[in-house]
Amino acid sequence: MTRINPGGTIGIMGGGQLGRMIALAAARLGYHCHIYCPDENSPAFHVAQYKTVADYTDEKALTAFAEAVDVVTYEFENIPSQAVALVAAIKPLHPSVKALEVSQDRLAEKSFLAASGVTTAPYRAFETRDELGEAFAEIGKPSVAKTRRFGYDGKGQFMVKRKSDLDAVMDVTKGAPAILEGFVSFDREISVIVARSASGDVAAFPVGENVHTNHVLDTTTVPATINDMMEAKAKVMATRVANSLEYVGVMAVEMFVTDASGDIVVNEIAPRVHNSGHWTIEGAATSQFEQHVRAICDLPLGRPDALGKAVMKNLLGQEINDFEQYLSDPTAHYHHYGKSEPRKGRKMGHVTWVKPE
Ligand code: AMP
């Protein structure tokens with residue numbers, strides 16, 4: 001692993017708000033950024049020095065992009081893994097192709113998590129109606145059917161409450177590879193944002209407690225309302241996952257805290273900076289975005305400590321226009337992602353309140 005010093009150029013695949021905030025953090029440390037994204041109107045383009053507007057299947061453009069930068073990262077996990085592999089053959093790529101592939105396929109993800117020694121919901125793969133019947137007989141009700149690929153924010157998911165729901169599941173999955181997993185009766189949802197550098201240093205941020213509305217993250221609160229033992233356990237689990245992937249960069253590990261016994265069940269991983277880590281920009285000694293840049297450039301990791309109690313709220317659709325309210329609030333930090341169309345439900349920005357302890 002070669003260190004990339006400030007002054008170097010970081011390539012970012014994907015041009016959304018996560019890429020934008022990585023580029024802003026990178027700029028502060030003196031790096032240049034080159035964003036690769038097929039969509040001309042990408043929020044990350046506004047804040048980066050170089051851009052490539054091309055499809056993820058455009059091998060010529062991918063090659064030229066990789067040759068123009070010192071290190072490559074990505075900001076969302078649905079990038080075709082062939083595109084990422086092509087780039088990785090030319091320049092260092094962090095997180096690895098393996099991390100991306102594991103997170104792109106819910107079956108691979110679940111088996112990887114189980115092999116890393118963390119608890120997951122019981123699961124079974126299916127494609128056909130017969131296999132679904134067998135999976136249901138084994139997993140029982142309630143359960144959740146999820147397509148193996150391209151699911152996010154609850155898309156491609158179906159709740160199974162009774163046997164008669166199974167035909168409707170097939171209408172959703174349409175024979176695509178899927179898994180049926182046991183429904184976890186959880187008390188709260190938490191996530192750990194953890195960074196691991198190429199030298200193997202690991203730093204986990206304080207645990208965030210997440211509230212979703214209509215399957216989309218609404219708020220993250222830090223500290224989470226869990227005891228110190230649970231806080232430590234969640235961080236150990238996230239660290240175990242990062243180490244067993246030999247992960248380099250920042251990742252999010254999403255977990256359920258069950259009401260019955262206070263156990264922690266890992267739901268999924270995101271091999272990238274994450275919405276539930278936005279509070280770190282003003283609420284932690286180092287932001288998740290700067291931490292990601294440090295990790296992928298093989299610099300020392302920063303301190304992940306919280307600077308107080310933090311609450312992050314996503315601003316969806318027209319909520320972005322309430323800036324006056326947030327800008328007149330001395331404890332609020334307002335973020336606008338620079339997207340022009342405030343479509344209903346679209347993540348347009350966020351606001352973070354930090355109250356020093
Ligand atoms: P996912 O796409 O896996 O992140 O799931 C989106 C949301 O659906 C989660 O944040 C949970 O609120 C809910 N969910 C997913 N899987 C389960 C499960 N096995 N048990 C209970 N709720 C779940």
# chains A, B, ... in the order shown; residues from 1 in each chain; ligands from 1
$ select_by_dssp --residues "region 80-149 of chain A" --states "strand (DSSP E)" --output "PyMOL selection string"
chain A and resi 123-126+143-147
$ write_last_selection --atoms "C-alpha atoms" --output "mmCIF file, in the first residue's frame"
data_model
loop_
_atom_site.group_PDB
_atom_site.id
_atom_site.type_symbol
_atom_site.label_atom_id
_atom_site.label_comp_id
_atom_site.auth_asym_id
_atom_site.auth_seq_id
_atom_site.Cartn_x
_atom_site.Cartn_y
_atom_site.Cartn_z
ATOM 1 C CA TYR A 123 -32.120 -16.757 6.308
ATOM 2 C CA ARG A 124 -32.571 -19.025 3.339
ATOM 3 C CA ALA A 125 -32.141 -18.412 -0.385
ATOM 4 C CA PHE A 126 -34.934 -19.029 -2.909
ATOM 5 C CA SER A 143 -40.446 -13.158 7.780
ATOM 6 C CA VAL A 144 -39.122 -10.734 5.189
ATOM 7 C CA ALA A 145 -38.438 -11.592 1.553
ATOM 8 C CA LYS A 146 -35.676 -9.526 -0.051
ATOM 9 C CA THR A 147 -34.270 -9.649 -3.555
#
$ closest_atom_pairs --of "region 147-204 of chain A" --to "region 262-286 of chain A" --cutoff "12 Å" --atoms "only C-alpha atoms" --output "JSON lines"
{"residue": "A:Gly151", "atom": "CA", "partner": "A:Glu268", "partner_atom": "CA", "distance": 11.5}
{"residue": "A:Tyr152", "atom": "CA", "partner": "A:Ala270", "partner_atom": "CA", "distance": 10.5}
{"residue": "A:Asp153", "atom": "CA", "partner": "A:Asn275", "partner_atom": "CA", "distance": 11.6}
{"residue": "A:Glu181", "atom": "CA", "partner": "A:Asn267", "partner_atom": "CA", "distance": 10.3}
{"residue": "A:Gly182", "atom": "CA", "partner": "A:Asn267", "partner_atom": "CA", "distance": 11.0}
{"residue": "A:Phe183", "atom": "CA", "partner": "A:Asn267", "partner_atom": "CA", "distance": 10.7}
{"residue": "A:Val184", "atom": "CA", "partner": "A:Val265", "partner_atom": "CA", "distance": 8.2}
{"residue": "A:Ser185", "atom": "CA", "partner": "A:Val265", "partner_atom": "CA", "distance": 10.4}
{"residue": "A:Phe186", "atom": "CA", "partner": "A:Gly262", "partner_atom": "CA", "distance": 9.0}
{"residue": "A:Asp187", "atom": "CA", "partner": "A:Gly262", "partner_atom": "CA", "distance": 8.4}
{"residue": "A:Arg188", "atom": "CA", "partner": "A:Gly262", "partner_atom": "CA", "distance": 9.9}
{"residue": "A:Glu189", "atom": "CA", "partner": "A:Asn267", "partner_atom": "CA", "distance": 9.4}
{"residue": "A:Ile190", "atom": "CA", "partner": "A:Ser276", "partner_atom": "CA", "distance": 8.9}
{"residue": "A:Ser191", "atom": "CA", "partner": "A:Ser276", "partner_atom": "CA", "distance": 7.1}
{"residue": "A:Val192", "atom": "CA", "partner": "A:Gly277", "partner_atom": "CA", "distance": 8.3}
{"residue": "A:Ile193", "atom": "CA", "partner": "A:Gly277", "partner_atom": "CA", "distance": 6.3}
{"residue": "A:Val194", "atom": "CA", "partner": "A:Val273", "partner_atom": "CA", "distance": 9.2}
{"residue": "A:Ala195", "atom": "CA", "partner": "A:Val273", "partner_atom": "CA", "distance": 9.4}
{"residue": "A:Arg196", "atom": "CA", "partner": "A:Pro271", "partner_atom": "CA", "distance": 11.4}
{"residue": "A:Ala203", "atom": "CA", "partner": "A:Thr286", "partner_atom": "CA", "distance": 10.6}
{"residue": "A:Ala204", "atom": "CA", "partner": "A:Gly277", "partner_atom": "CA", "distance": 11.0}
$ write_last_selection --atoms "all heavy atoms" --output "short mmCIF file (atom, residue, chain, number, x, y, z; two decimals), in the first residue's frame"
data_model
loop_
_atom_site.label_atom_id
_atom_site.label_comp_id
_atom_site.auth_asym_id
_atom_site.auth_seq_id
_atom_site.Cartn_x
_atom_site.Cartn_y
_atom_site.Cartn_z
N GLY A 151 -31.40 -3.93 -3.92
CA GLY A 151 -32.41 -3.47 -2.98
C GLY A 151 -31.81 -2.38 -2.11
O GLY A 151 -30.67 -2.50 -1.69
N TYR A 152 -32.52 -1.33 -1.87
CA TYR A 152 -32.08 -0.31 -0.91
C TYR A 152 -33.30 0.42 -0.40
O TYR A 152 -34.35 0.42 -1.04
CB TYR A 152 -31.07 0.67 -1.54
CG TYR A 152 -31.67 1.53 -2.63
CD1 TYR A 152 -32.11 2.82 -2.36
CD2 TYR A 152 -31.84 1.04 -3.91
CE1 TYR A 152 -32.69 3.59 -3.34
CE2 TYR A 152 -32.42 1.80 -4.90
CZ TYR A 152 -32.84 3.08 -4.60
OH TYR A 152 -33.43 3.84 -5.58
N ASP A 153 -33.16 1.03 0.78
CA ASP A 153 -34.27 1.76 1.40
C ASP A 153 -35.59 0.97 1.32
O ASP A 153 -36.64 1.52 1.00
CB ASP A 153 -34.46 3.14 0.73
CG ASP A 153 -33.35 4.12 1.12
OD1 ASP A 153 -32.56 3.78 2.03
OD2 ASP A 153 -33.28 5.20 0.53
N GLU A 181 -35.77 -14.00 5.14
CA GLU A 181 -35.11 -13.95 6.44
C GLU A 181 -36.12 -13.76 7.55
O GLU A 181 -37.20 -13.20 7.34
CB GLU A 181 -34.01 -12.89 6.48
CG GLU A 181 -34.49 -11.47 6.36
CD GLU A 181 -33.36 -10.45 6.49
OE1 GLU A 181 -32.37 -10.55 5.74
OE2 GLU A 181 -33.48 -9.54 7.33
N GLY A 182 -35.77 -14.23 8.71
CA GLY A 182 -36.66 -14.11 9.87
C GLY A 182 -36.86 -12.66 10.24
O GLY A 182 -35.90 -11.86 10.18
N PHE A 183 -38.07 -12.28 10.59
CA PHE A 183 -38.35 -10.92 11.04
C PHE A 183 -37.76 -10.75 12.43
O PHE A 183 -37.97 -11.58 13.32
CB PHE A 183 -39.86 -10.68 11.06
CG PHE A 183 -40.23 -9.29 11.51
CD1 PHE A 183 -40.21 -8.23 10.62
CD2 PHE A 183 -40.59 -9.05 12.83
CE1 PHE A 183 -40.53 -6.94 11.03
CE2 PHE A 183 -40.91 -7.76 13.25
CZ PHE A 183 -40.88 -6.71 12.35
N VAL A 184 -37.00 -9.69 12.63
CA VAL A 184 -36.39 -9.44 13.93
C VAL A 184 -37.27 -8.44 14.67
O VAL A 184 -37.49 -7.33 14.19
CB VAL A 184 -34.95 -8.86 13.76
CG1 VAL A 184 -34.34 -8.59 15.12
CG2 VAL A 184 -34.08 -9.81 12.95
N SER A 185 -37.78 -8.87 15.80
CA SER A 185 -38.64 -7.98 16.57
C SER A 185 -37.73 -7.04 17.35
O SER A 185 -37.31 -7.33 18.46
CB SER A 185 -39.49 -8.83 17.49
OG SER A 185 -40.13 -8.00 18.41
N PHE A 186 -37.38 -5.92 16.71
CA PHE A 186 -36.35 -5.08 17.32
C PHE A 186 -36.94 -3.93 18.10
O PHE A 186 -38.06 -3.48 17.87
CB PHE A 186 -35.34 -4.59 16.28
CG PHE A 186 -35.94 -3.73 15.18
CD1 PHE A 186 -36.15 -2.38 15.37
CD2 PHE A 186 -36.26 -4.30 13.95
CE1 PHE A 186 -36.68 -1.60 14.36
CE2 PHE A 186 -36.80 -3.53 12.93
CZ PHE A 186 -37.01 -2.17 13.14
N ASP A 187 -36.12 -3.48 19.02
CA ASP A 187 -36.48 -2.42 19.93
C ASP A 187 -35.99 -1.09 19.36
O ASP A 187 -36.63 -0.05 19.48
CB ASP A 187 -35.74 -2.75 21.23
CG ASP A 187 -36.09 -1.85 22.35
OD1 ASP A 187 -37.28 -1.60 22.51
OD2 ASP A 187 -35.17 -1.40 23.05
N ARG A 188 -34.82 -1.15 18.76
CA ARG A 188 -34.26 0.03 18.10
C ARG A 188 -33.26 -0.39 17.04
O ARG A 188 -32.75 -1.51 17.07
CB ARG A 188 -33.62 0.98 19.12
CG ARG A 188 -32.54 0.37 19.95
CD ARG A 188 -32.36 1.12 21.24
NE ARG A 188 -33.53 0.93 22.09
CZ ARG A 188 -33.91 1.79 23.04
NH1 ARG A 188 -33.24 2.87 23.28
NH2 ARG A 188 -34.98 1.52 23.77
N GLU A 189 -32.99 0.54 16.12
CA GLU A 189 -32.00 0.29 15.08
C GLU A 189 -30.79 1.18 15.35
O GLU A 189 -30.95 2.36 15.65
CB GLU A 189 -32.57 0.61 13.70
CG GLU A 189 -33.65 -0.36 13.27
CD GLU A 189 -34.12 -0.12 11.83
OE1 GLU A 189 -33.44 -0.55 10.90
OE2 GLU A 189 -35.18 0.51 11.66
N ILE A 190 -29.63 0.58 15.25
CA ILE A 190 -28.39 1.33 15.49
C ILE A 190 -27.43 1.09 14.34
O ILE A 190 -27.61 0.16 13.54
CB ILE A 190 -27.72 0.92 16.83
CG1 ILE A 190 -27.38 -0.58 16.83
CG2 ILE A 190 -28.59 1.28 18.02
CD1 ILE A 190 -26.53 -1.01 18.03
N SER A 191 -26.42 1.95 14.22
CA SER A 191 -25.37 1.67 13.24
C SER A 191 -24.03 2.11 13.80
O SER A 191 -23.96 3.04 14.61
CB SER A 191 -25.65 2.38 11.91
OG SER A 191 -25.78 3.76 12.11
N VAL A 192 -23.02 1.40 13.37
CA VAL A 192 -21.66 1.77 13.74
C VAL A 192 -20.92 2.14 12.47
O VAL A 192 -20.90 1.37 11.50
CB VAL A 192 -20.91 0.61 14.44
CG1 VAL A 192 -19.49 1.05 14.81
CG2 VAL A 192 -21.66 0.15 15.68
N ILE A 193 -20.36 3.34 12.46
CA ILE A 193 -19.51 3.78 11.36
C ILE A 193 -18.08 3.48 11.81
O ILE A 193 -17.65 3.96 12.86
CB ILE A 193 -19.66 5.30 11.11
CG1 ILE A 193 -21.14 5.70 10.97
CG2 ILE A 193 -18.83 5.74 9.90
CD1 ILE A 193 -21.85 5.17 9.76
N VAL A 194 -17.41 2.63 11.04
CA VAL A 194 -16.07 2.20 11.46
C VAL A 194 -15.09 2.45 10.32
O VAL A 194 -15.44 2.29 9.15
CB VAL A 194 -16.09 0.71 11.91
CG1 VAL A 194 -16.51 -0.21 10.79
CG2 VAL A 194 -14.76 0.27 12.48
N ALA A 195 -13.88 2.87 10.69
CA ALA A 195 -12.84 3.10 9.68
C ALA A 195 -11.70 2.13 9.93
O ALA A 195 -11.36 1.84 11.08
CB ALA A 195 -12.32 4.52 9.77
N ARG A 196 -11.14 1.62 8.83
CA ARG A 196 -9.95 0.78 8.94
C ARG A 196 -8.97 1.24 7.87
O ARG A 196 -9.35 1.43 6.71
CB ARG A 196 -10.31 -0.70 8.74
CG ARG A 196 -9.14 -1.65 8.98
CD ARG A 196 -9.59 -3.10 8.86
NE ARG A 196 -8.49 -4.02 9.06
CZ ARG A 196 -7.59 -4.33 8.11
NH1 ARG A 196 -7.67 -3.80 6.90
NH2 ARG A 196 -6.61 -5.18 8.38
N ALA A 203 -10.85 2.53 13.84
CA ALA A 203 -11.48 3.50 14.74
C ALA A 203 -12.98 3.46 14.49
O ALA A 203 -13.43 3.66 13.37
CB ALA A 203 -10.93 4.91 14.48
N ALA A 204 -13.74 3.17 15.55
CA ALA A 204 -15.20 3.12 15.43
C ALA A 204 -15.78 4.39 16.06
O ALA A 204 -15.39 4.77 17.16
CB ALA A 204 -15.75 1.89 16.13
#
$ atom_distance --atom1 "CA of Ala234 (chain A)" --atom2 "CA of Val216 (chain A)"
22.0 Å
$ residues_around --residues "Asp39 (chain A)" --least-positions-apart "2" --cutoff "12 Å" --atoms "only C-alpha atoms" --output "list of chain:residue names"
A:Met13, A:Gly14, A:Gly15, A:Gly16, A:Ile35, A:Tyr36, A:Cys37, A:Asn41, A:Ser42, A:Pro43, A:Ala44, A:Phe45, A:Lys51, A:Thr52, A:Val53, A:Ala54, A:Asp55, A:Tyr56
$ closest_residue --among "A:Glu319, A:Glu209, A:Glu131, A:Glu77" --to "Gly345 (chain A)" --atoms "only C-alpha atoms"
A:Glu319
$ select_by_dssp --residues "region 94-319 of chain A" --states "helix (DSSP H, G or I)" --output "PyMOL selection string"
chain A and resi 97-104+106-115+129-139+163-173+228-244+275-277+280-283+288-296+317-319
$ closest_residue --among "A:Phe150, A:Tyr74, A:Phe65, A:Phe112" --to "ligand 1" --atoms "only C-alpha atoms and all ligand atoms"
A:Phe150
$ residues_around --residues "His336 (chain A)" --least-positions-apart "6" --cutoff "10 Å" --atoms "only C-alpha atoms" --output "PyMOL selection string"
chain A and resi 17+43+315+320-321+323+347-351
$ write_last_selection --atoms "N, CA, C and O atoms" --output "tab-separated table (two decimals), in the first residue's frame"
chain	number	residue	atom	x	y	z
A	17	GLN	N	-24.54	12.93	-3.08
A	17	GLN	CA	-24.14	13.77	-1.94
A	17	GLN	C	-22.99	13.16	-1.14
A	17	GLN	O	-22.20	13.89	-0.55
A	43	PRO	N	-24.52	16.15	-7.88
A	43	PRO	CA	-24.14	17.12	-6.85
A	43	PRO	C	-22.63	17.19	-6.58
A	43	PRO	O	-22.12	18.25	-6.24
A	315	LEU	N	-33.29	16.10	5.32
A	315	LEU	CA	-34.26	17.02	4.73
A	315	LEU	C	-34.67	16.44	3.38
A	315	LEU	O	-33.84	16.35	2.46
A	320	ILE	N	-36.10	21.02	2.24
A	320	ILE	CA	-34.83	21.72	2.03
A	320	ILE	C	-35.03	23.24	2.02
A	320	ILE	O	-34.11	24.01	2.29
A	321	ASN	N	-36.27	23.66	1.71
A	321	ASN	CA	-36.52	25.11	1.61
A	321	ASN	C	-36.75	25.78	2.96
A	321	ASN	O	-36.93	26.99	3.03
A	323	PHE	N	-34.67	26.56	5.05
A	323	PHE	CA	-33.32	26.95	5.50
A	323	PHE	C	-33.32	28.12	6.47
A	323	PHE	O	-32.50	28.19	7.36
A	347	LYS	N	-33.53	12.80	-0.97
A	347	LYS	CA	-32.63	13.36	0.03
A	347	LYS	C	-31.98	14.63	-0.53
A	347	LYS	O	-31.14	14.56	-1.43
A	348	MET	N	-32.39	15.78	0.00
A	348	MET	CA	-31.94	17.07	-0.54
A	348	MET	C	-30.86	17.72	0.33
A	348	MET	O	-30.12	18.58	-0.11
A	349	GLY	N	-30.82	17.33	1.60
A	349	GLY	CA	-29.84	17.91	2.53
A	349	GLY	C	-30.07	17.31	3.90
A	349	GLY	O	-30.84	16.35	4.06
A	350	HIS	N	-29.41	17.86	4.89
A	350	HIS	CA	-29.65	17.41	6.26
A	350	HIS	C	-29.30	18.55	7.21
A	350	HIS	O	-28.67	19.53	6.81
A	351	VAL	N	-29.74	18.39	8.45
A	351	VAL	CA	-29.39	19.38	9.47
A	351	VAL	C	-28.92	18.62	10.70
A	351	VAL	O	-29.43	17.54	11.01
$ closest_residue --among "A:Ala332, A:Met159, A:Val236, A:Met251" --to "ligand 1" --atoms "only C-alpha atoms and all ligand atoms"
A:Met159
$ residues_around --residues "Val293 (chain A)" --least-positions-apart "3" --cutoff "12 Å" --atoms "only C-alpha atoms" --output "MDAnalysis selection string"
chainID A and resid 3:6 8:12 19 21:33 71:74 94:95 195:198 248:250 272:273 286:290 296:302
$ residues_around --residues "Thr352 (chain A)" --least-positions-apart "3" --cutoff "7 Å" --atoms "only C-alpha atoms" --output "ChimeraX atom specification"
/A:279,310-313,332-334
$ closest_residue --among "A:Leu86, A:Ala66, A:Ala306, A:Leu180" --to "Pro142 (chain A)" --atoms "only C-alpha atoms"
A:Leu180
$ atom_distance --atom1 "CA of Pro356 (chain A)" --atom2 "CA of Gly208 (chain A)"
16.5 Å
$ closest_residue --among "A:Gln325, A:Thr63, A:Thr239, A:Thr213" --to "ligand 1" --atoms "only C-alpha atoms and all ligand atoms"
A:Thr213
